[in-house]
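> Quick one: the structure is below, questions incoming.
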Amino acid sequence: MRYLTTIAGKGYQVEIVDERHVIVDGVSYQVDFEAVSDQPVYTLLVDGKSYDAHVYQDENVWQVLFHGGTYSATVEDEREKRLRGSLGGGIAENQEYYLKAPMPGLVVSVPVSEGQAVQKGDVLLILESMKMQNELKSPRAGQVARVRVKPGDRVEHKETMLSVT
Amino acid sequence: MRYLTTIAGKGYQVEIVDERHVIVDGVSYQVDFEAVSDQPVYTLLVDGKSYDAHVYQDENVWQVLFHGGTYSATVEDEREKRLRGSLGGGIAENQEYYLKAPMPGLVVSVPVSEGQAVQKGDVLLILESMKMQNELKSPRAGQVARVRVKPGDRVEHKETMLSVT
Amino acid sequence: MFNKVLIANRGEIAVRIIRACREMGLQTVAVYSDADRQGLHVRYADEAYRLGPAPSRDSYLRADMVLEIARRCQADAVHPGYGFLAERADFAAACQQAGLVFIGPNPSSIAAMGDKALARATLARAGVPVVPGTEGEGALNDDDLLDLAPKIGFPLLIKATAGGGGKGMREVGSLAEMPSLLQAARREAESAFGDGNVYIEKVVEGARHVEVQILADGLGNAIHLGERECSIQRRHQKLLEECPSPFIGDDEAFRQTLGSVAVRAAQAINYVNAGTIEFLVDKNKNFYFLEMNTRLQVEHPVTEIVTGIDIVKEQIRIARGRSLHYKQEDVRFNGCAIECRINAEDPNNNFMPSTGRITHTLLPTGPGVRVDTGVYIGFEVSPYYDSLISKIIVWGETRGEAILRMRRALEEYKILGVRNNIAFHQRLMDSPHFIAGYYDTRFIEERFSLDADREGGTARQTDDRPDIAAILATLVAHQQTQRAAHMIQRNERDTSNWKWLSRWERLSK
Amino acid sequence: MFNKVLIANRGEIAVRIIRACREMGLQTVAVYSDADRQGLHVRYADEAYRLGPAPSRDSYLRADMVLEIARRCQADAVHPGYGFLAERADFAAACQQAGLVFIGPNPSSIAAMGDKALARATLARAGVPVVPGTEGEGALNDDDLLDLAPKIGFPLLIKATAGGGGKGMREVGSLAEMPSLLQAARREAESAFGDGNVYIEKVVEGARHVEVQILADGLGNAIHLGERECSIQRRHQKLLEECPSPFIGDDEAFRQTLGSVAVRAAQAINYVNAGTIEFLVDKNKNFYFLEMNTRLQVEHPVTEIVTGIDIVKEQIRIARGRSLHYKQEDVRFNGCAIECRINAEDPNNNFMPSTGRITHTLLPTGPGVRVDTGVYIGFEVSPYYDSLISKIIVWGETRGEAILRMRRALEEYKILGVRNNIAFHQRLMDSPHFIAGYYDTRFIEERFSLDADREGGTARQTDDRPDIAAILATLVAHQQTQRAAHMIQRNERDTSNWKWLSRWERLSK
């Protein structure tokens, strides 16, 4: 199988030849790869070098942790790559942004109201969790479309609280 | 549900009234009992006292470990108790004894042969595992019925190696 | 004397205290909220009783319930840990009235130091230097504070009078932004401590946060156990502590000066039990009293490891009326200790708290590594309490050895199920500024970056290997795809059973 | 100087050595058998290479493969750990010939001490007292040994010349039983070491097994790090070690006598690196040389904790040609350390080894507790290697504190998936004889019982609670029955789907 794996904007052509061989950008590596403890923890030997990594998926992005580094990777197989090629980029730009609760918590305040224009970095909502007040900011400029919560509300993890168009 | 639970020869009449109440030999206890970590580890609060125990079944006997103590318990419900009552005891005495491998290992020697009379405590077989030679002894007097292994054989855990009648 | 101790706390510190009690042959009583029925403190204690629902105000802050449980189970002492009821003078007094030994200072000392403004005024009178601010002026309203601010000078800090741990704290750069920040600070203080009073204080620039651990018995003896360096902070939350301070290093004279000022401060208020005097130290080694913590602190283990003195056991001995186990000259400092606070928060997402069930963990062990934790596999990290899940404390003969050891401990440590800040600490251990001991309280927010390159350092031969990460991500993704394909195949087989069944039914008609 | 170390071992000791290397900035290379692909040493090392199939002779004893891997990965030093190739003079020599630094003594020292009989003769000549026996008489046959036995006197011990760790050892009470025991000992020695030679030695009655740790550099400096008490043994396998020996206690003069004899013994053979001189000490403090271990030992951590000296790092510094980091007068003994060896063996079933997958573990942590282990959740404990799964080492200011701390550590420790001897150590911590320090090498086999009552002790308020055990067993059994019933109900529901299907099929016809 051939994949295009992208980390920090750089693409790697990764071909999985068989259980023991991987080709990255034309260079062949001998690998020995096993999951550990029935967990998303992996031991990988690459040409004798040992890597003990935690790899998990978070909304289509693979997070890879080892040696103190965290790498965010997207992995596309050939079909997905072609599909994306035909669609072109730039769709995400104009999509509505949904502010979802990053953890369960208590809404402390919502300093914006529906229809209000916001700049990138403006505080949209203050959420209290683990005894900390966390300011959630707008990732881009736009207009507040809908506010679904009010101060005092308890929200669940990933619950949508408001949106910016 | 009512059970007869036996530890070290002493029987306990245990009635499980509901999730929170247990009666042992007529005395009522308030209990709070939960499994931990999806493992056979349990946290039990009995009238406020906290017990953190490992409980597992080993061939019909429940092994209960807490506070440095190991207790072997048999638990019978009322039906089983009646059944046993009607059969009477003492069956086990005349049954054939099967010597099973207590762990995987290598048979080092078999100092007995088929038909040979043995006394309680006589060495039946020497098994090597984890770099130790372990002498396996006869739990009772009798006659060696069948020897299924020879020196040099590798045996699996619980494999029957010989029997004594 | 007492024999049964109720620990009015949860998490790692409750476990820490239970361990000390057990090693002294004392019976232990845990209390728990509904979120903590399976807490390690419940599992490890001799007895455990429910306080109430998960939120702190319904459980760990319910002083009345704690006292009722103590009475019911015939406990004869209470250890409050840190946070929750630890610095509530009324609770300490209520314990005493109920005939319980409170393992901590007298209610009067808690009260004297609990009001930060009053504390600063008290110590200023005793000749301890304090940071310029509105200390001792009581509860001022916003107008008064806005009036005083320009006289103190900017930048300044708004701080919660009842506060601690960075809650209700805001930094103010100019008069213009002060009103809204005052409002935010009061709101946070109100929510955290039930008291919205704040005061303001000059910002000491390039300051280090250095604190001195003291012990005082009821017989008039008081000693200090040297200092801890706590300048590695983010949003005024400590993230890492060291003993000794690399800034003080082997300036033994300065250490003894700070230590004796701390002892004098404790004596000024007839302090009994363990406590901490916090100082700000500027680059010229001018120092200012900041506040006194009248309790055990999160970071006490670094002092324990360097001095060999078990601070919790000393607290218990003092509370039992014994004289101190050590004289000042017995206190020796051996090597260096570092503590990293492992929090359930995501350094890659603005340190947002993370909750969930711990699905896997692999603890660092071996020589010179201590772990204090209240979590284990299967435990649910809830949103109700602070995000501290464990503390890694290492010892080294030298600071260099301690840093190298912390690196390897962090590399070994795995916690799955909640996001955590291990990677943050790993980057910190590689930071040339940190390694050089060249940092102040603003270091993390202003000069440190998770992206190693940006600090411009090359302290370690960076083994940044995105190619390996690409292989790992691809192999895992590939495996997942294969497994999904396999499951579809299996489902097809399952369907064939249905086909077989229907055929059988047709035949048997 | 060297920068990349190959660790020719597995399990906890390989992990221990990797940690030391990493903390010194050295690159590490692990080697593994097929049973250890997921070993912690493989996961923690910078590089890892396969040796061969699981049995030791096909993997960890394959000196040729180890050297080939070292050459291939350009390692420049080898640490052998303990066991396997650690005391093979030919391997040490082959390393040197291959241009690798062997982190251990010279091949000549290994050879001189490796033949136990020759070692005893050598040291007897150097004026070190030895136990009467057939030392220095070479490989004797059974007839010779049976001839010499009555002259030495019974009881006596048969010991493997190449041996260690209790393998190939038998105690003989009379001449009559000696022939069969000789045969058994030779068979076991042959299987364990590939060498069936044995010697005989008088049994010192009421003896304690006390050993002295020494360090010697290549520049002629040698020091001792005090003694370890290792008399808690079963079938000549050590189960628990302490530092200092409670028998020597504060008899500083005797400690220094033993220490200087040990240093003299090391110097007699120009010993370099870390080593241990084992003595038997009788109740009148007469002492006899037993053997020298020319390697790192399982129980080295108790010495590390009491002296603050990292023995593995010292080994590496010595191998790098440095002079010792410490002089004799720098060595201070602080408090007391105890190590419990946690083995995968069932104390309730005659200590039979147990194998299997670790399904759950909860490690003891907190102040004064060190764990050295090579296993983790999901790891498979195989039958191929020894049964040691971890070592719990505690420190206490006093021996009493260390015992109390070990009690709480053992109580906290959980390992599921393999049977283990934690309960055995818990009973030992409650034994009045052990607590009093009143035990010799025969204590476990002759006077200790897992059944607390039989020792006649009441050291702790025994909280033997069979009623609680009855409640626990019944609740778990009940839960299991309920769950089984529930599953049957579910299956009934499932069946109803089949019924539904057949009805649908009938209708659709």
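Letters for chains follow the order of the structure tokens (A, B, ...), residue numbers begin at 1 for each chain, and ligand numbers begin at 1 in the order shown.
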Using only C-alpha atoms, I'd like a table of the residues in chain D that come within 9 Å of chain C; for each, show the closest atom pair and its distance in Å rounded to one decimal, ordered by chain and ascending number, as a tab-separated table.

```
residue	atom	partner	partner_atom	distance
D:Val15	CA	C:Gly366	CA	8.6
D:Arg16	CA	C:Gly366	CA	6.8
D:Arg19	CA	C:Arg408	CA	7.2
D:Ala20	CA	C:Pro367	CA	8.7
D:Arg22	CA	C:Arg408	CA	6.9
D:Glu23	CA	C:Leu404	CA	5.1
D:Met24	CA	C:Leu404	CA	7.6
D:Gly25	CA	C:Leu404	CA	8.1
D:Tyr44	CA	C:Glu412	CA	7.3
D:Pro301	CA	C:Pro367	CA	8.0
D:Glu304	CA	C:Pro367	CA	8.5
D:Ile305	CA	C:Pro367	CA	8.4
D:Gly308	CA	C:Glu397	CA	8.2
D:Ile309	CA	C:Glu397	CA	8.9
D:Asp310	CA	C:Pro367	CA	8.1
D:His360	CA	C:Ile377	CA	8.4
D:Thr361	CA	C:Ile377	CA	8.6
D:Leu362	CA	C:Tyr376	CA	7.1
D:Leu363	CA	C:Leu363	CA	8.2
D:Thr365	CA	C:Val371	CA	5.6
D:Gly366	CA	C:Asp372	CA	5.0
D:Pro367	CA	C:Arg370	CA	6.6
D:Gly368	CA	C:Arg370	CA	7.7
D:Val369	CA	C:Arg370	CA	7.2
D:Arg370	CA	C:Gly366	CA	6.0
D:Val371	CA	C:Gly366	CA	5.5
D:Asp372	CA	C:Gly366	CA	5.0
D:Thr373	CA	C:Gly366	CA	7.8
D:Tyr376	CA	C:Leu362	CA	7.1
D:Ile377	CA	C:Leu362	CA	8.1
D:Glu397	CA	C:Gly308	CA	8.2
D:Glu401	CA	C:Glu23	CA	6.9
D:Ala402	CA	C:Glu23	CA	8.8
D:Ile403	CA	C:Glu23	CA	8.7
D:Leu404	CA	C:Glu23	CA	5.1
D:Arg405	CA	C:Glu23	CA	5.6
D:Met406	CA	C:Glu23	CA	8.9
D:Arg407	CA	C:Glu23	CA	8.2
D:Arg408	CA	C:Arg22	CA	7.0
D:Ala409	CA	C:Arg19	CA	8.9
D:Glu411	CA	C:Tyr44	CA	8.7
D:Glu412	CA	C:Tyr44	CA	7.4
D:Trp498	CA	C:Trp498	CA	8.5
D:Leu501	CA	C:Ser502	CA	8.2
D:Ser502	CA	C:Ser502	CA	6.8
D:Glu505	CA	C:Ser502	CA	7.2
D:Arg506	CA	C:Arg506	CA	8.5
```
> With a distance cut-off of 10 Å and only C-alpha atoms, select the neighbouring residues of segment 74-76 of chain B, excluding the residue or stretch itself and same-chain residues fewer than 5 positions from it, and output the selection as a CSV table (one decimal) with all heavy atoms, in the first residue's frame.

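Once written, selection02.csv looks like this:
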```csv
chain,number,residue,atom,x,y,z
B,2,ARG,N,-28.9,-16.8,49.2
B,2,ARG,CA,-28.2,-17.3,50.4
B,2,ARG,C,-27.0,-18.2,49.9
B,2,ARG,O,-27.2,-19.0,49.0
B,2,ARG,CB,-29.1,-18.1,51.2
B,2,ARG,CG,-30.1,-17.3,52.0
B,2,ARG,CD,-31.1,-18.2,52.6
B,2,ARG,NE,-32.3,-17.5,53.0
B,2,ARG,CZ,-32.4,-17.0,54.3
B,2,ARG,NH1,-31.5,-17.2,55.2
B,2,ARG,NH2,-33.5,-16.3,54.6
B,3,TYR,N,-25.9,-18.1,50.5
B,3,TYR,CA,-24.8,-18.9,50.2
B,3,TYR,C,-24.1,-19.5,51.5
B,3,TYR,O,-24.2,-18.9,52.5
B,3,TYR,CB,-23.7,-18.1,49.5
B,3,TYR,CG,-24.1,-17.5,48.1
B,3,TYR,CD1,-24.7,-16.3,48.1
B,3,TYR,CD2,-23.9,-18.2,47.0
B,3,TYR,CE1,-25.1,-15.8,46.8
B,3,TYR,CE2,-24.2,-17.7,45.7
B,3,TYR,CZ,-24.9,-16.5,45.7
B,3,TYR,OH,-25.2,-16.0,44.5
B,4,LEU,N,-23.5,-20.7,51.3
B,4,LEU,CA,-22.7,-21.2,52.3
B,4,LEU,C,-21.2,-21.0,51.9
B,4,LEU,O,-20.8,-21.6,50.8
B,4,LEU,CB,-23.0,-22.7,52.6
B,4,LEU,CG,-22.0,-23.3,53.6
B,4,LEU,CD1,-22.2,-22.7,55.0
B,4,LEU,CD2,-22.1,-24.8,53.7
B,5,THR,N,-20.5,-20.2,52.6
B,5,THR,CA,-19.1,-20.0,52.2
B,5,THR,C,-18.2,-20.5,53.2
B,5,THR,O,-18.4,-20.3,54.4
B,5,THR,CB,-18.9,-18.4,52.0
B,5,THR,OG1,-19.8,-18.0,50.9
B,5,THR,CG2,-17.5,-18.1,51.6
B,6,THR,N,-17.2,-21.3,52.8
B,6,THR,CA,-16.4,-22.1,53.7
B,6,THR,C,-14.9,-21.6,53.6
B,6,THR,O,-14.4,-21.6,52.5
B,6,THR,CB,-16.4,-23.6,53.5
B,6,THR,OG1,-17.8,-23.9,53.4
B,6,THR,CG2,-15.7,-24.4,54.6
B,7,ILE,N,-14.3,-21.2,54.7
B,7,ILE,CA,-12.9,-20.8,54.7
B,7,ILE,C,-12.2,-21.5,55.9
B,7,ILE,O,-12.7,-21.4,57.0
B,7,ILE,CB,-12.8,-19.3,54.9
B,7,ILE,CG1,-13.3,-18.5,53.6
B,7,ILE,CG2,-11.3,-18.9,55.2
B,7,ILE,CD1,-13.2,-17.0,53.7
B,8,ALA,N,-11.1,-22.2,55.6
B,8,ALA,CA,-10.4,-22.9,56.6
B,8,ALA,C,-11.3,-23.8,57.4
B,8,ALA,O,-11.2,-23.8,58.7
B,8,ALA,CB,-9.6,-22.0,57.4
B,9,GLY,N,-12.2,-24.5,56.8
B,9,GLY,CA,-13.1,-25.4,57.5
B,9,GLY,C,-14.3,-24.8,58.2
B,9,GLY,O,-15.1,-25.5,58.7
B,11,GLY,N,-17.7,-22.7,58.2
B,11,GLY,CA,-18.7,-22.2,57.3
B,11,GLY,C,-19.3,-20.9,57.7
B,11,GLY,O,-19.5,-20.6,58.9
B,12,TYR,N,-19.6,-20.0,56.7
B,12,TYR,CA,-20.3,-18.8,56.9
B,12,TYR,C,-21.6,-18.8,56.1
B,12,TYR,O,-21.5,-19.0,54.9
B,12,TYR,CB,-19.4,-17.6,56.5
B,12,TYR,CG,-18.1,-17.5,57.2
B,12,TYR,CD1,-17.0,-18.2,56.9
B,12,TYR,CD2,-18.0,-16.6,58.4
B,12,TYR,CE1,-15.8,-18.1,57.6
B,12,TYR,CE2,-16.8,-16.6,59.1
B,12,TYR,CZ,-15.7,-17.3,58.7
B,12,TYR,OH,-14.5,-17.2,59.4
B,13,GLN,N,-22.7,-18.5,56.8
B,13,GLN,CA,-24.0,-18.3,56.1
B,13,GLN,C,-24.0,-16.9,55.6
B,13,GLN,O,-24.1,-16.0,56.4
B,13,GLN,CB,-25.1,-18.6,57.0
B,13,GLN,CG,-25.2,-19.9,57.7
B,13,GLN,CD,-25.7,-21.0,56.8
B,13,GLN,OE1,-26.2,-20.7,55.7
B,13,GLN,NE2,-25.7,-22.2,57.2
B,14,VAL,N,-23.9,-16.7,54.3
B,14,VAL,CA,-23.9,-15.3,53.8
B,14,VAL,C,-25.1,-15.1,52.9
B,14,VAL,O,-25.4,-15.8,52.0
B,14,VAL,CB,-22.6,-15.1,52.9
B,14,VAL,CG1,-22.6,-13.6,52.4
B,14,VAL,CG2,-21.4,-15.4,53.7
B,57,GLN,N,-10.7,-17.0,40.9
B,57,GLN,CA,-11.1,-18.4,41.0
B,57,GLN,C,-10.1,-19.3,40.5
B,57,GLN,O,-9.5,-19.1,39.4
B,57,GLN,CB,-12.4,-18.6,40.2
B,57,GLN,CG,-13.3,-19.8,40.7
B,57,GLN,CD,-14.6,-19.8,40.1
B,57,GLN,OE1,-14.9,-19.1,39.1
B,57,GLN,NE2,-15.5,-20.6,40.6
B,60,ASN,N,-12.5,-23.9,41.1
B,60,ASN,CA,-13.7,-23.9,42.0
B,60,ASN,C,-13.4,-23.4,43.4
B,60,ASN,O,-14.3,-23.3,44.3
B,60,ASN,CB,-14.2,-25.4,42.2
B,60,ASN,CG,-14.8,-25.8,40.9
B,60,ASN,OD1,-15.4,-25.1,40.2
B,60,ASN,ND2,-14.7,-27.1,40.6
B,61,VAL,N,-12.1,-23.0,43.7
B,61,VAL,CA,-11.8,-22.3,44.9
B,61,VAL,C,-11.6,-20.8,44.7
B,61,VAL,O,-10.9,-20.5,43.7
B,61,VAL,CB,-10.6,-23.0,45.6
B,61,VAL,CG1,-10.2,-22.2,46.9
B,61,VAL,CG2,-10.8,-24.4,45.9
B,62,TRP,N,-12.2,-20.0,45.5
B,62,TRP,CA,-12.0,-18.6,45.4
B,62,TRP,C,-10.8,-18.2,46.3
B,62,TRP,O,-10.8,-18.5,47.5
B,62,TRP,CB,-13.2,-17.8,45.8
B,62,TRP,CG,-14.4,-17.9,44.9
B,62,TRP,CD1,-15.4,-18.8,45.0
B,62,TRP,CD2,-14.5,-17.2,43.7
B,62,TRP,NE1,-16.2,-18.7,43.9
B,62,TRP,CE2,-15.7,-17.7,43.1
B,62,TRP,CE3,-13.8,-16.2,43.0
B,62,TRP,CZ2,-16.2,-17.2,41.9
B,62,TRP,CZ3,-14.3,-15.7,41.8
B,62,TRP,CH2,-15.5,-16.2,41.3
B,63,GLN,N,-9.8,-17.5,45.6
B,63,GLN,CA,-8.7,-17.1,46.4
B,63,GLN,C,-8.9,-15.6,46.7
B,63,GLN,O,-9.2,-14.8,45.7
B,63,GLN,CB,-7.4,-17.2,45.6
B,63,GLN,CG,-7.1,-18.7,45.2
B,63,GLN,CD,-6.7,-19.5,46.4
B,63,GLN,OE1,-6.4,-19.0,47.5
B,63,GLN,NE2,-6.7,-20.8,46.2
B,81,LYS,N,-25.6,-26.8,47.9
B,81,LYS,CA,-25.4,-27.3,49.2
B,81,LYS,C,-26.3,-28.5,49.4
B,81,LYS,O,-25.8,-29.6,49.9
B,81,LYS,CB,-25.8,-26.2,50.2
B,81,LYS,CG,-25.3,-26.4,51.6
B,81,LYS,CD,-25.4,-25.2,52.4
B,81,LYS,CE,-26.9,-25.0,52.9
B,81,LYS,NZ,-27.1,-23.7,53.5
B,82,ARG,N,-27.5,-28.4,49.0
B,82,ARG,CA,-28.4,-29.6,49.1
B,82,ARG,C,-27.9,-30.8,48.3
B,82,ARG,O,-27.9,-31.9,48.8
B,82,ARG,CB,-29.8,-29.2,48.6
B,82,ARG,CG,-30.7,-28.5,49.6
B,82,ARG,CD,-32.2,-28.5,49.2
B,82,ARG,NE,-32.4,-28.0,47.9
B,82,ARG,CZ,-32.5,-26.7,47.6
B,82,ARG,NH1,-32.5,-25.8,48.6
B,82,ARG,NH2,-32.8,-26.3,46.3
B,84,ARG,N,-24.8,-31.5,47.5
B,84,ARG,CA,-23.7,-32.1,48.2
B,84,ARG,C,-24.2,-32.9,49.4
B,84,ARG,O,-23.7,-34.0,49.7
B,84,ARG,CB,-22.7,-31.0,48.6
B,84,ARG,CG,-21.4,-31.5,49.2
B,84,ARG,CD,-20.4,-30.4,49.3
B,84,ARG,NE,-20.9,-29.4,50.2
B,84,ARG,CZ,-20.6,-29.3,51.5
B,84,ARG,NH1,-19.8,-30.2,52.1
B,84,ARG,NH2,-21.0,-28.3,52.3
D,470,ALA,N,-14.9,-14.0,53.5
D,470,ALA,CA,-16.1,-14.7,53.1
D,470,ALA,C,-17.1,-13.8,52.4
D,470,ALA,O,-17.7,-14.2,51.3
D,470,ALA,CB,-16.8,-15.3,54.3
D,473,ALA,N,-15.5,-13.2,48.8
D,473,ALA,CA,-15.7,-14.3,47.9
D,473,ALA,C,-17.1,-14.5,47.5
D,473,ALA,O,-17.4,-14.7,46.3
D,473,ALA,CB,-15.2,-15.6,48.6
D,474,THR,N,-18.1,-14.3,48.4
D,474,THR,CA,-19.5,-14.5,48.1
D,474,THR,C,-20.0,-13.4,47.1
D,474,THR,O,-20.7,-13.7,46.2
D,474,THR,CB,-20.3,-14.5,49.4
D,474,THR,OG1,-19.7,-15.3,50.4
D,474,THR,CG2,-21.7,-15.0,49.1
D,475,LEU,N,-19.6,-12.2,47.4
D,475,LEU,CA,-20.0,-11.1,46.5
D,475,LEU,C,-19.5,-11.3,45.1
D,475,LEU,O,-20.2,-11.1,44.1
D,475,LEU,CB,-19.5,-9.7,47.0
D,475,LEU,CG,-20.3,-9.1,48.2
D,475,LEU,CD1,-19.5,-8.0,48.8
D,475,LEU,CD2,-21.7,-8.7,47.8
D,476,VAL,N,-18.2,-11.7,44.9
D,476,VAL,CA,-17.7,-11.9,43.6
D,476,VAL,C,-18.3,-13.1,42.9
D,476,VAL,O,-18.7,-13.0,41.8
D,476,VAL,CB,-16.1,-12.1,43.7
D,476,VAL,CG1,-15.6,-12.4,42.3
D,476,VAL,CG2,-15.5,-10.9,44.2
D,477,ALA,N,-18.5,-14.2,43.7
D,477,ALA,CA,-19.2,-15.4,43.1
D,477,ALA,C,-20.6,-15.0,42.7
D,477,ALA,O,-21.1,-15.4,41.6
D,477,ALA,CB,-19.2,-16.5,44.1
D,478,HIS,N,-21.3,-14.3,43.6
D,478,HIS,CA,-22.7,-13.9,43.3
D,478,HIS,C,-22.8,-13.1,42.0
D,478,HIS,O,-23.6,-13.3,41.1
D,478,HIS,CB,-23.2,-13.1,44.5
D,478,HIS,CG,-24.6,-12.5,44.3
D,478,HIS,ND1,-25.7,-13.3,44.4
D,478,HIS,CD2,-25.0,-11.2,44.1
D,478,HIS,CE1,-26.8,-12.5,44.2
D,478,HIS,NE2,-26.4,-11.3,44.0
```
> In terms of the shortest atom-to-atom distance over only C-alpha atoms, which of C:Gly378, C:Pro107, C:Pro55, C:Pro150 is closest to chain B?
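Closest candidate: C:Gly378.
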> May I ask for the distance between atom CA of Tyr32 of chain C and atom CA of Lys4 of chain C, given in Å to one decimal place?
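Result for atom CA of Tyr32 of chain C versus atom CA of Lys4 of chain C: 17.1 Å, one decimal.
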> Would you mind listing what lies within 10 Å of Val164 of chain B as a compact mmCIF listing (two decimals) with N, CA and C atoms, in the first residue's frame, with only C-alpha atoms counted and same-chain residues fewer than 2 positions away left out?

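Printed below is around-v1.txt as written:
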```txt
# COMPACT_ATOMS: atom_id res chain seq x y z
N GLN B 95 -10.46 -40.99 44.23
CA GLN B 95 -10.27 -40.61 42.84
C GLN B 95 -8.81 -40.73 42.41
N GLU B 96 -8.62 -40.92 41.13
CA GLU B 96 -7.28 -40.95 40.57
C GLU B 96 -6.67 -39.55 40.69
N TYR B 97 -5.39 -39.50 41.05
CA TYR B 97 -4.72 -38.20 41.13
C TYR B 97 -3.92 -37.98 39.84
N TYR B 98 -4.22 -36.86 39.18
CA TYR B 98 -3.49 -36.54 37.96
C TYR B 98 -2.44 -35.49 38.26
N LEU B 99 -1.21 -35.81 38.00
CA LEU B 99 -0.14 -34.81 38.19
C LEU B 99 -0.06 -33.95 36.94
N GLU B 114 5.59 -47.00 35.85
CA GLU B 114 4.19 -47.46 35.92
C GLU B 114 4.07 -48.70 36.80
N GLY B 115 3.06 -48.69 37.63
CA GLY B 115 2.83 -49.83 38.50
C GLY B 115 3.54 -49.74 39.84
N GLN B 116 4.48 -48.82 39.95
CA GLN B 116 5.27 -48.70 41.19
C GLN B 116 4.41 -48.13 42.32
N ALA B 117 4.59 -48.65 43.53
CA ALA B 117 3.88 -48.13 44.69
C ALA B 117 4.62 -46.89 45.20
N VAL B 118 3.87 -45.84 45.58
CA VAL B 118 4.52 -44.63 46.11
C VAL B 118 3.87 -44.25 47.44
N LEU B 124 7.67 -37.63 42.36
CA LEU B 124 7.14 -38.30 41.16
C LEU B 124 7.87 -37.85 39.91
N SER B 138 4.12 -36.72 45.44
CA SER B 138 2.80 -37.35 45.48
C SER B 138 2.04 -36.83 46.70
N PRO B 139 0.78 -36.41 46.49
CA PRO B 139 0.00 -35.89 47.62
C PRO B 139 -0.53 -37.02 48.51
N ARG B 140 -0.43 -38.29 48.03
CA ARG B 140 -0.92 -39.40 48.84
C ARG B 140 -0.26 -40.71 48.40
N ALA B 141 -0.47 -41.74 49.18
CA ALA B 141 0.07 -43.05 48.83
C ALA B 141 -0.77 -43.66 47.71
N GLY B 142 -0.18 -44.57 46.94
CA GLY B 142 -0.93 -45.20 45.86
C GLY B 142 0.01 -45.89 44.90
N GLN B 143 -0.49 -46.06 43.70
CA GLN B 143 0.28 -46.78 42.70
C GLN B 143 0.35 -45.91 41.44
N VAL B 144 1.53 -45.83 40.84
CA VAL B 144 1.67 -45.02 39.64
C VAL B 144 0.92 -45.73 38.51
N ALA B 145 -0.07 -45.00 37.93
CA ALA B 145 -0.94 -45.66 36.96
C ALA B 145 -0.41 -45.51 35.54
N ARG B 146 -0.12 -44.30 35.16
CA ARG B 146 0.33 -44.13 33.79
C ARG B 146 1.30 -42.96 33.73
N VAL B 147 2.43 -43.16 33.06
CA VAL B 147 3.42 -42.09 32.91
C VAL B 147 3.40 -41.65 31.45
N LEU B 162 1.49 -37.62 34.69
CA LEU B 162 1.31 -39.00 35.12
C LEU B 162 0.15 -39.03 36.11
```
> Give me the chain C side of the contact with chain B, cut-off 12 Å, one line per residue showing its nearest atom pair and distance in Å at one decimal, counting only C-alpha atoms, sorted by chain and residue number, as a tab-separated table.

```
residue	atom	partner	partner_atom	distance
C:Gln27	CA	B:Lys49	CA	10.9
C:Thr28	CA	B:Ser50	CA	10.0
C:Val29	CA	B:Lys49	CA	8.8
C:Ala30	CA	B:Ser50	CA	9.1
C:Val31	CA	B:Gly48	CA	10.2
C:Tyr32	CA	B:Gly48	CA	11.8
C:Arg37	CA	B:Glu34	CA	9.0
C:Gln38	CA	B:Val36	CA	7.2
C:Gly39	CA	B:Thr43	CA	9.9
C:Leu40	CA	B:Asp52	CA	9.9
C:His41	CA	B:Ser50	CA	10.1
C:Val42	CA	B:Ser50	CA	7.1
C:Arg43	CA	B:Asp52	CA	5.7
C:Tyr44	CA	B:Asp52	CA	7.4
C:Ala45	CA	B:Ser50	CA	6.4
C:Asp46	CA	B:Ser50	CA	5.3
C:Glu47	CA	B:Lys49	CA	4.2
C:Ala48	CA	B:Gly48	CA	5.4
C:Tyr49	CA	B:Gly48	CA	6.0
C:Arg50	CA	B:Gly48	CA	9.1
C:Ile69	CA	B:Gly48	CA	10.3
C:Ala70	CA	B:Gly48	CA	11.9
C:Arg72	CA	B:Gly48	CA	10.3
C:Cys73	CA	B:Gly48	CA	8.3
C:Gln74	CA	B:Gly48	CA	11.9
C:Arg357	CA	B:Ser37	CA	9.7
C:Ile358	CA	B:Ser37	CA	9.2
C:Thr359	CA	B:Ser37	CA	8.7
C:His360	CA	B:Ser37	CA	10.1
C:Thr361	CA	B:Ser37	CA	12.0
C:Val375	CA	B:Ser37	CA	11.1
C:Tyr376	CA	B:Ser37	CA	8.2
C:Ile377	CA	B:Ser37	CA	6.0
C:Gly378	CA	B:Ser37	CA	4.1
C:Phe379	CA	B:Ser37	CA	7.0
C:Glu380	CA	B:Ser37	CA	9.9
```
